[in-house]
Structure formats: structure tokens, C-alpha cells
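Here the structure is laid out as C-alpha cells; the discussion comes afterwards.
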Amino acid sequence: FNSGLVKATWQNVEGYLCSWFLPNTAATVMCRNFGFISGLVDTSQNVTDPHLQFIWQTDFNGQCNSKDVLVEACRSATWVKYPAHLSEMEKKCVCSDNYISLYCYGKVKVSLEPRQNYGPLLIYDGDEYLTICHEYLNQYAANAACREVTGYNTTNAVILDPGTFLFGDGSKVVTFTCAPDAISVSDCVTFSSVSNFECIVASVLCYEGQEPPGPTPENATEWRIEDSVVQIKAHGLWGTVCSNEWTNTVATVLCKTISTEYTIGFAEADNRLPTVPMWINSVTCDADNTTDINMCTRTTFMNTFDYCELDGIALAFCFKAENDVPKFSLADTVETALYVKGHVAIIISGQMGYFCPPDVNVVQTNANSLCKIMGYIGGEPSPVKISRNNSTLVWNGSYYCSWNIPDCFLTGNFVEGMDMNHTDSDENGSCDLLVPDILCYKSKVRLEDPELAEGFLLINGQNGWQGVCSDNFTSTLAEGFCNEAGYQSGNYTTGSKAGLVAGFESVICNDSVKFEDCIFNKLYTNSALSCDEIVYISCTQNSNLAVNN
């Protein structure tokens with residue numbers, strides 16, 4: 001491989017090359033012009049050559065999509081020259097710091113990112129990069145591949161456990177056999193490719209000197225939590241932990257291991273694909289070990305097509321005391337018999353404040369989960385905004401909502417913000433327009449728009465909110481629903497709406513139960529009932545409907 005900033009000579013003037021946008025296809029074209037096979041844009045380089053006096057700015061067109069094309073065929077026809085001694089602000093205006101820096105690959109790649117000495121092992125066969133099956137990679141071949149990558153014949157390789165990187169299955173693989181002293185794959189004895197063959201893709205770590213220790217309990221003892229993700233250091237690299245058997249008990253032990261200030265931890269899982277190695281499959285702690293996670297039992301991650309992503313990677317949230325755990329609440333609520341709406345609020349150490357999130361849209365998206373966390377049936381973003389109390393405290397912070405269960409955790413780092421009277425534009429005072437409103441359902445029975453007195457009747461079941469067939473419905477049932485919703489009377493008609501599904505065949509009630517406690521019979525696909533019409537209820541004469549808190 002090779003890497004560095006790109007210089008261009010145009011009209012006999014040499015300068016750094018910059019572009020507002022450089023696709024990786026253009027990077028590959030440039031690298032091939034330099035004698036390499038492929039390339040990526042490398043953002044880690046800085047302009048350091050004091051002898052170059054100019055910057056050349058150009059852009060690249062859509063013709064950078066062929067391995068045989070030359071740079072001249074895909075660059076813009078326009079070249080603009082600027083003096084290299086521009087101020088930092090002027091440089092941002094010229095190129096927005098987009099000086100072209102490349103990372104060029106040869107026949108062997110061990111990473112999908114620039115400047116990494118580890119990752120899935122890929123070999124170029126003259127047409128494309130092919131993967132290698134873990135079961136067919138021996139130590140001599142791994143060493144030869146790493147030596148070709150680094151250019152040093154003293155480089156060796158660690159063959160990582162199968163599935164360390166969730167790269168996917170190999171559909172076209174390459175196999176080769178090397179002698180102990182091979183310094184490149186070209187020195188290997190045999191080299192062949194096999195199509196349509198599935199296997200676990202091999203990953204390696206290239207190193208000089210002493211082999212870095214692996215993820216065994218005696219070697220890997222450093223833990224950290226990075227952006228809520230649990231990580232452990234092995235082979236000199238930070239890697240993730242699979243969430244198999246990941247519990248609050250284990251998370252608490254981890255938190256106490258990281259800092260003696262922590263007394264409680266919460267375990268979570270997330271299905272994001274990690275960009276770092278997957279080192280640990282599971283961690284279990286017995287009742288006798290409450291403070292040191294390195295004394296717990298661990299298993300290393302071995303991928304057998306049962307990817308950890310099915311369970312997710314382990315997350316942890318640490319707090320100093322139970323009272324410090326932020327909890328969701330609602331402020332300035334408007335409440336009816338069927339719903340409550342208000343501003344999302346946070347309670348920390350007994351103090352309630354408006355929640356000022358980094359992105360209000362994310363909170364709105366997770367309104368249903370947030371309502372469930374607070375003990376409601378579910379919820380949605382509030383369609384009607386309610387007024388704010390200008391003297392209420394504001395908590396600035398972020399949170400994480402689980403992907404597999406309706407659960408959310410506030411990720412800590414909450415700081416007390418300005419009150420709502422603050423009008424300056426600094427980050428603590430910019431929340432007056434961002435405090436989100438949500439509406440939470442108190443009952444599993446509601447109208448389509450809970451804030452209107454009429455609409456399609458919806459019932460919450462295993463498949464979410466669905467309508468009720470009109471065939472067996474009665475005016476008595478409609479009036480009973482409206483009475484419990486805070487209205488004096490009600491009736492029903494029938495109708496249909498695109499996208500609204502009838503999931504219930506009938507409602508059976510008696511006078512002694514609440515409407516939401518009635519029996520709701522599901523409508524099955526083999527039912528003789530056609531259910532062309534869905535119940536539409538109209539309630540009248542509001543009787544003390546909304547209560548402001």
C-alpha cells in the first residue's frame with residue numbers, strides 16, 4: 001500500500017489537489033494510475049509541505065467508474081489555482097479542507113478502512129478482491145499476506161477467531177499455500193479461486209515484534225464504555241462484546257470495575273454492526289463476584305454463521321446511585337380518560353426539568369417507546385402543541401432507545417441548562433424551541449385521532465392498533481365507549497379507509513366492566529366474516545374532557 005496527499009502539476013505549476021467531492025471510484029482511478037489496484041479517500045492527512053505555493057481545485061465527474069479509465073477522463077475540465085498561504089478560513093472557502101489524500105492498495109488488503117493493520121483478508125485475482133475461508137488459511141499464508149501489505153519481511157500475522165469481523169459470508173473465495181519464508185502471496189506455491197462457496201471469512205492482524213496478547217482472561221483485562229458500547233482490549237485493539245447473557249448484574253459489575261464511584265449499571269443490546277473486532281461472546285458473573293468483571297467467566301467470540309448481530313452488541317449505562325438514574329416523565333400535561341400529553345421531561349435526583357435532546361426528531365420517532373417506558377400503552381408525537389412554563393428547569397443530554405424491546409435509557413452526561421426565559425443562542429439556552437411534545441395512550445381502546453370526538457375505533461393488540469368490524473357492533477357499545485372517554489353520549493356509523501385494517505371481529509361487554517376490559521375477539525384470516533366496514537364512532541357533549549396539570 002501507499003498513502004499521501006495528491007499533488008498536481010498543471011501549466012508547469014505544482015500544487016496540492018483539492019476537490020469539493022471525491023468519490024472512492026475516483027480514488028481508485030488515481031491509485032491505478034500510480035500502479036496500484038484500488039484506493040480509498042484518506043481523511044487523516046494534513047498539508048505540511050511548505051515549498052508548495054499553490055492549491056489546485058478541481059472536481060470529478062461520473063466517468064470515474066471503470067478500472068481502465070485514466071484520471072484525465074474523469075476529472076473536471078476546470079482547474080482553479082489558489083495561493084497555498086491562504087488563511088485557514090480562506091482555505092475552507094476554497095476546498096472546505098478537502099485536500100485529496102489517498103490510501104492505495106496492492107494485491108492484498110487486510111482492512112476496509114485506511115491505516116488499519118487488521119480486518120478481513122482480501123486477495124486480488126486479476127479482476128476483483130476475493131475473500132478467504134477461515135478454515136483454509138494457515139499461518140504461513142497469513143504471514144505472507146501481511147508481509148506484502150506492510151512491505152517488511154519481519155511482519156507476522158495473528159489469525160483472528162472466525163467471525164471477529166462481521167464481514168459476511170464469502171461467495172467467491174481464494175485459497176493458497178505458502179512456504180514459511182514467503183514474503184508475499186506471489187511467493188506462494190499454489191493460488192486458486194473457487195466460486196459460489198460459502199464460508200466464514202478469515203480475518204488477520206498484522207504486527208511487528210512480539211505477538212499482541214489475545215482476548216483470554218489473563219491477557220485482556222482493560223475494559224471501557226465508548227458511546228454506551230462495551231469494549232475490551234485484546235491483540236492491542238479495542239473490540240466489542242456480544243450481548244449473549246448480558247444482564248444488569250454483569251453490567252453493574254463492569255461499571256464498578258471501571259470506577260469505584262459507580263454502584264449500579266444497566267445492560268442493553270444494539271444491532272449496529274461494529275467497526276471494531278468482536279472479541280467476546282458472553283460474560284457471566286456469579287453472586288460472589290460483584291466488583292471485578294475480570295473475575296467473571298467469559299467465552300471468546302467464534303462465529304458459526306450465528307452472527308452476534310441477532311442478539312446485538314452489549315451496551316452498558318453506569319450511575320453513581322439509584323437516585324442519579326435519569327427517568328422520563330411528562331410536564332405541563334393535558335389529560336383525558338384516554339390519553340395524556342405533555343412535554344418530555346427528565347427527573348434527576350428529584351429535580352424535574354424539560355428534556356433538551358440533541359435532535360428533537362429522534363425523540364418524536366421514539367414517542368411510542370417513551371410512553372411505554374412511563375407505563376402507558378403507547379404513544380405518538382403530539383399533533384397539537386401545548387404551552388411551556390418559562391420558569392421550568394432544562395436538562396441537556398442524550399438517550400438511547402433499544403431496538404428489540406420498548407425500552408429507553410438516558411445515557412448520562414446530563415447538565416443543568418438555562419430556564420426557558422433564556423433567549424441567547426448558546427447551546428444551554430437554545431432549547432426553548434426544541435422541547436418535544438408527545439401524546440401517550442392510557443387505554444388500549446381509542447379513536448384514530450385521540451384528540452377528536454369522532455373517528456375510527458382502534459384497539460391495541462399483538463399487531464398494533466387495528467379497527468373493529470361493524471357487523472356485531474351496537475349503539476350501546478358506542479355510547480359506553482364515549483361515556484368512559486368523558487362524553488355524555490355517542491353513536492356509530494361504518495366506513496373504510498386505505499391502510500386501516502380490521503383486526504377484531506366483535507366486542508363483548510357487560511355493564512360491570514370498563515370498555516377497555518371487554519372481550520375483543522380477533523378476526524382471523526379463515527373467518528367467514530368479510531368485514532367490509534369498520535366501526536366509526538361519534539361522541540357528543542363533552543363533559544369535563546381535559547384536565548390540565
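Quick note on naming: the chains in the C-alpha cells go A, B, ... in the order shown, residues restart at 1 in each chain, and ligands are numbered from 1 in order of appearance.
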
Stretch 106-115 of chain A surroundings by only C-alpha atoms, 6 Å radius, close-in-sequence under 6 positions cut, as a PyMOL selection string = chain A and resi 1+36-37+121-124

Let me see the file: selected residues, N, CA and C atoms, as a PDB file, in the first residue's frame.
```pdb
ATOM      1  N   PHE A   1       0.838  -1.185   0.000  1.00  0.00           N
ATOM      2  CA  PHE A   1       0.000   0.000   0.000  1.00  0.00           C
ATOM      3  C   PHE A   1       0.873   1.235   0.000  1.00  0.00           C
ATOM      4  N   PHE A  36      -1.147   1.045  -8.510  1.00  0.00           N
ATOM      5  CA  PHE A  36      -1.799   0.196  -7.520  1.00  0.00           C
ATOM      6  C   PHE A  36      -3.095  -0.372  -8.095  1.00  0.00           C
ATOM      7  N   ILE A  37      -3.839  -1.100  -7.284  1.00  0.00           N
ATOM      8  CA  ILE A  37      -5.036  -1.786  -7.772  1.00  0.00           C
ATOM      9  C   ILE A  37      -6.317  -1.057  -7.388  1.00  0.00           C
ATOM     10  N   LEU A 121      -9.301 -10.517   5.373  1.00  0.00           N
ATOM     11  CA  LEU A 121      -8.209 -10.666   4.414  1.00  0.00           C
ATOM     12  C   LEU A 121      -8.779 -10.830   3.010  1.00  0.00           C
ATOM     13  N   LEU A 122      -8.350  -9.962   2.091  1.00  0.00           N
ATOM     14  CA  LEU A 122      -8.839  -9.964   0.713  1.00  0.00           C
ATOM     15  C   LEU A 122      -7.652 -10.053  -0.249  1.00  0.00           C
ATOM     16  N   ILE A 123      -7.796 -10.881  -1.285  1.00  0.00           N
ATOM     17  CA  ILE A 123      -6.735 -11.097  -2.276  1.00  0.00           C
ATOM     18  C   ILE A 123      -7.273 -10.767  -3.667  1.00  0.00           C
ATOM     19  N   TYR A 124      -6.496 -10.008  -4.439  1.00  0.00           N
ATOM     20  CA  TYR A 124      -6.898  -9.636  -5.800  1.00  0.00           C
ATOM     21  C   TYR A 124      -6.508 -10.741  -6.771  1.00  0.00           C
TER      22      TYR A 124
END
```

Distance query stretch 131-147 of chain A at most 9 Å, only C-alpha atoms, self and fewer than 5 positions along chain excluded, as a ChimeraX atom specification | /A:108-110,117,120-123,152-163,169-188,198-207

Which of A:Ile232, A:Val194, A:Ile459, A:Leu523 sits closest to A:Ala314 [using only C-alpha atoms] = A:Ile232

Which residue of A:Tyr16, A:Phe319, A:Trp223, A:Phe266 approaches A:Thr249 most closely, using only C-alpha atoms | A:Phe266

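Taking atom CA of A:Thr300 as the reference point, atom CA of A:Val229 is found at 17.3 Å.
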
Kindly indicate which residue among A:Val334, A:Val6, A:Cys255, A:Val230 lies nearest to A:Leu315, using only C-alpha atoms for the distances.
->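 So, comparing all the options, the nearest one is A:Val230.
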
Of the residues A:Gln351, A:Ala27, A:Val253, A:Ser228, which is the one nearest to A:Asp288, using only C-alpha atoms?
->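 That would be A:Val253, the residue with the smallest distance to A:Asp288.
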
Would you list the contacts of A:Ile313 as a PyMOL selection string, taking every protein, DNA or RNA residue within 7 Å and counting only C-alpha atoms, but skipping same-chain residues closer than 5 positions in sequence?
-> chain A and resi 240-243+269-271+308

Export of prior selection with C-alpha atoms as a PDB file, in the first residue's frame:
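Output contents, as saved in again21.pdb:
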```pdb
ATOM      1  CA  THR A 240     -16.849  -5.284  21.268  1.00  0.00           C
ATOM      2  CA  VAL A 241     -18.744  -7.851  23.329  1.00  0.00           C
ATOM      3  CA  CYS A 242     -21.715  -9.889  22.127  1.00  0.00           C
ATOM      4  CA  SER A 243     -24.829  -9.429  24.260  1.00  0.00           C
ATOM      5  CA  ALA A 269     -28.165  -4.561  23.326  1.00  0.00           C
ATOM      6  CA  ASP A 270     -27.983  -2.916  19.940  1.00  0.00           C
ATOM      7  CA  ASN A 271     -27.890  -4.441  16.460  1.00  0.00           C
ATOM      8  CA  CYS A 308     -23.893 -11.877  17.162  1.00  0.00           C
TER       9      CYS A 308
END
```

Got a sec: who's within 8 Å of A:Thr290, counting only C-alpha atoms, leaving out chain neighbours fewer than 5 positions off, as a PyMOL selection string?
-> chain A and resi 252-253+256+285

Helix (DSSP H, G or I) positions in stretch 198-257 of chain A, given as a list in words =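 The helix (DSSP H, G or I) residues within stretch 198-257 of chain A come out as Asn248, Thr249, Val250, Ala251, Thr252, Val253, Leu254, Cys255, Lys256 and Thr257 of chain A.
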
Residues near A:Phe515, cut-off 12 Å, only C-alpha atoms, skip fewer than 6 positions along chain, as a PyMOL selection string = chain A and resi 337-338+443-446+459+476-485+507-509

Residues from the last selection, N, CA and C atoms, saved as a PDB file, in the first residue's frame:
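And here's again-v7.pdb as it stands now:
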```
ATOM      1  N   ALA A 337     -59.536  10.833  29.845  1.00  0.00           N
ATOM      2  CA  ALA A 337     -59.691   9.448  30.271  1.00  0.00           C
ATOM      3  C   ALA A 337     -58.903   8.490  29.387  1.00  0.00           C
ATOM      4  N   LEU A 338     -58.595   8.902  28.156  1.00  0.00           N
ATOM      5  CA  LEU A 338     -57.954   8.001  27.200  1.00  0.00           C
ATOM      6  C   LEU A 338     -56.487   8.302  26.956  1.00  0.00           C
ATOM      7  N   SER A 443     -55.320   3.989  27.566  1.00  0.00           N
ATOM      8  CA  SER A 443     -56.207   2.848  27.346  1.00  0.00           C
ATOM      9  C   SER A 443     -55.823   2.126  26.065  1.00  0.00           C
ATOM     10  N   LYS A 444     -56.128   0.836  25.989  1.00  0.00           N
ATOM     11  CA  LYS A 444     -55.857   0.081  24.775  1.00  0.00           C
ATOM     12  C   LYS A 444     -56.968   0.263  23.744  1.00  0.00           C
ATOM     13  N   VAL A 445     -57.944   1.127  24.044  1.00  0.00           N
ATOM     14  CA  VAL A 445     -59.026   1.448  23.116  1.00  0.00           C
ATOM     15  C   VAL A 445     -59.038   2.964  22.910  1.00  0.00           C
ATOM     16  N   ARG A 446     -59.081   3.395  21.659  1.00  0.00           N
ATOM     17  CA  ARG A 446     -59.078   4.828  21.369  1.00  0.00           C
ATOM     18  C   ARG A 446     -59.686   5.079  20.008  1.00  0.00           C
ATOM     19  N   ILE A 459     -58.280  -0.670  18.485  1.00  0.00           N
ATOM     20  CA  ILE A 459     -57.951  -1.487  19.652  1.00  0.00           C
ATOM     21  C   ILE A 459     -56.505  -1.949  19.506  1.00  0.00           C
ATOM     22  N   THR A 476     -75.188   0.676  21.828  1.00  0.00           N
ATOM     23  CA  THR A 476     -74.896   0.603  23.269  1.00  0.00           C
ATOM     24  C   THR A 476     -73.397   0.576  23.518  1.00  0.00           C
ATOM     25  N   LEU A 477     -72.678  -0.187  22.711  1.00  0.00           N
ATOM     26  CA  LEU A 477     -71.219  -0.229  22.843  1.00  0.00           C
ATOM     27  C   LEU A 477     -70.606   1.130  22.528  1.00  0.00           C
ATOM     28  N   ALA A 478     -71.114   1.798  21.506  1.00  0.00           N
ATOM     29  CA  ALA A 478     -70.587   3.114  21.137  1.00  0.00           C
ATOM     30  C   ALA A 478     -70.797   4.113  22.259  1.00  0.00           C
ATOM     31  N   GLU A 479     -71.995   4.101  22.876  1.00  0.00           N
ATOM     32  CA  GLU A 479     -72.277   5.032  23.959  1.00  0.00           C
ATOM     33  C   GLU A 479     -71.423   4.719  25.179  1.00  0.00           C
ATOM     34  N   GLY A 480     -71.197   3.410  25.442  1.00  0.00           N
ATOM     35  CA  GLY A 480     -70.341   3.040  26.570  1.00  0.00           C
ATOM     36  C   GLY A 480     -68.923   3.548  26.402  1.00  0.00           C
ATOM     37  N   PHE A 481     -68.391   3.447  25.184  1.00  0.00           N
ATOM     38  CA  PHE A 481     -67.048   3.960  24.927  1.00  0.00           C
ATOM     39  C   PHE A 481     -66.998   5.464  25.144  1.00  0.00           C
ATOM     40  N   CYS A 482     -67.960   6.186  24.594  1.00  0.00           N
ATOM     41  CA  CYS A 482     -67.965   7.651  24.698  1.00  0.00           C
ATOM     42  C   CYS A 482     -68.107   8.090  26.147  1.00  0.00           C
ATOM     43  N   ASN A 483     -68.936   7.399  26.941  1.00  0.00           N
ATOM     44  CA  ASN A 483     -69.098   7.734  28.352  1.00  0.00           C
ATOM     45  C   ASN A 483     -67.761   7.632  29.086  1.00  0.00           C
ATOM     46  N   GLU A 484     -67.017   6.558  28.863  1.00  0.00           N
ATOM     47  CA  GLU A 484     -65.727   6.384  29.537  1.00  0.00           C
ATOM     48  C   GLU A 484     -64.686   7.365  29.034  1.00  0.00           C
ATOM     49  N   ALA A 485     -64.855   7.863  27.802  1.00  0.00           N
ATOM     50  CA  ALA A 485     -63.929   8.848  27.253  1.00  0.00           C
ATOM     51  C   ALA A 485     -64.212  10.260  27.752  1.00  0.00           C
ATOM     52  N   VAL A 507     -66.901  -7.154  19.774  1.00  0.00           N
ATOM     53  CA  VAL A 507     -66.640  -6.669  21.130  1.00  0.00           C
ATOM     54  C   VAL A 507     -67.779  -7.162  22.027  1.00  0.00           C
ATOM     55  N   ILE A 508     -67.417  -7.842  23.112  1.00  0.00           N
ATOM     56  CA  ILE A 508     -68.423  -8.370  24.035  1.00  0.00           C
ATOM     57  C   ILE A 508     -68.221  -7.726  25.393  1.00  0.00           C
ATOM     58  N   CYS A 509     -69.249  -7.022  25.886  1.00  0.00           N
ATOM     59  CA  CYS A 509     -69.152  -6.294  27.152  1.00  0.00           C
ATOM     60  C   CYS A 509     -70.359  -6.612  28.034  1.00  0.00           C
TER      61      CYS A 509
END
```

Quick one: pull the distance between atom CA of A:Ser382 and atom CA of A:Leu439, Å, one decimal.
->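 So the two atoms, atom CA of A:Ser382 and atom CA of A:Leu439, lie 4.9 Å apart.
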
Residues near A:Gly239, cut-off 10 Å, only C-alpha atoms, skip fewer than 2 positions along chain, as a PyMOL selection string = chain A and resi 164-165+215+223-224+229-237+241+274-280
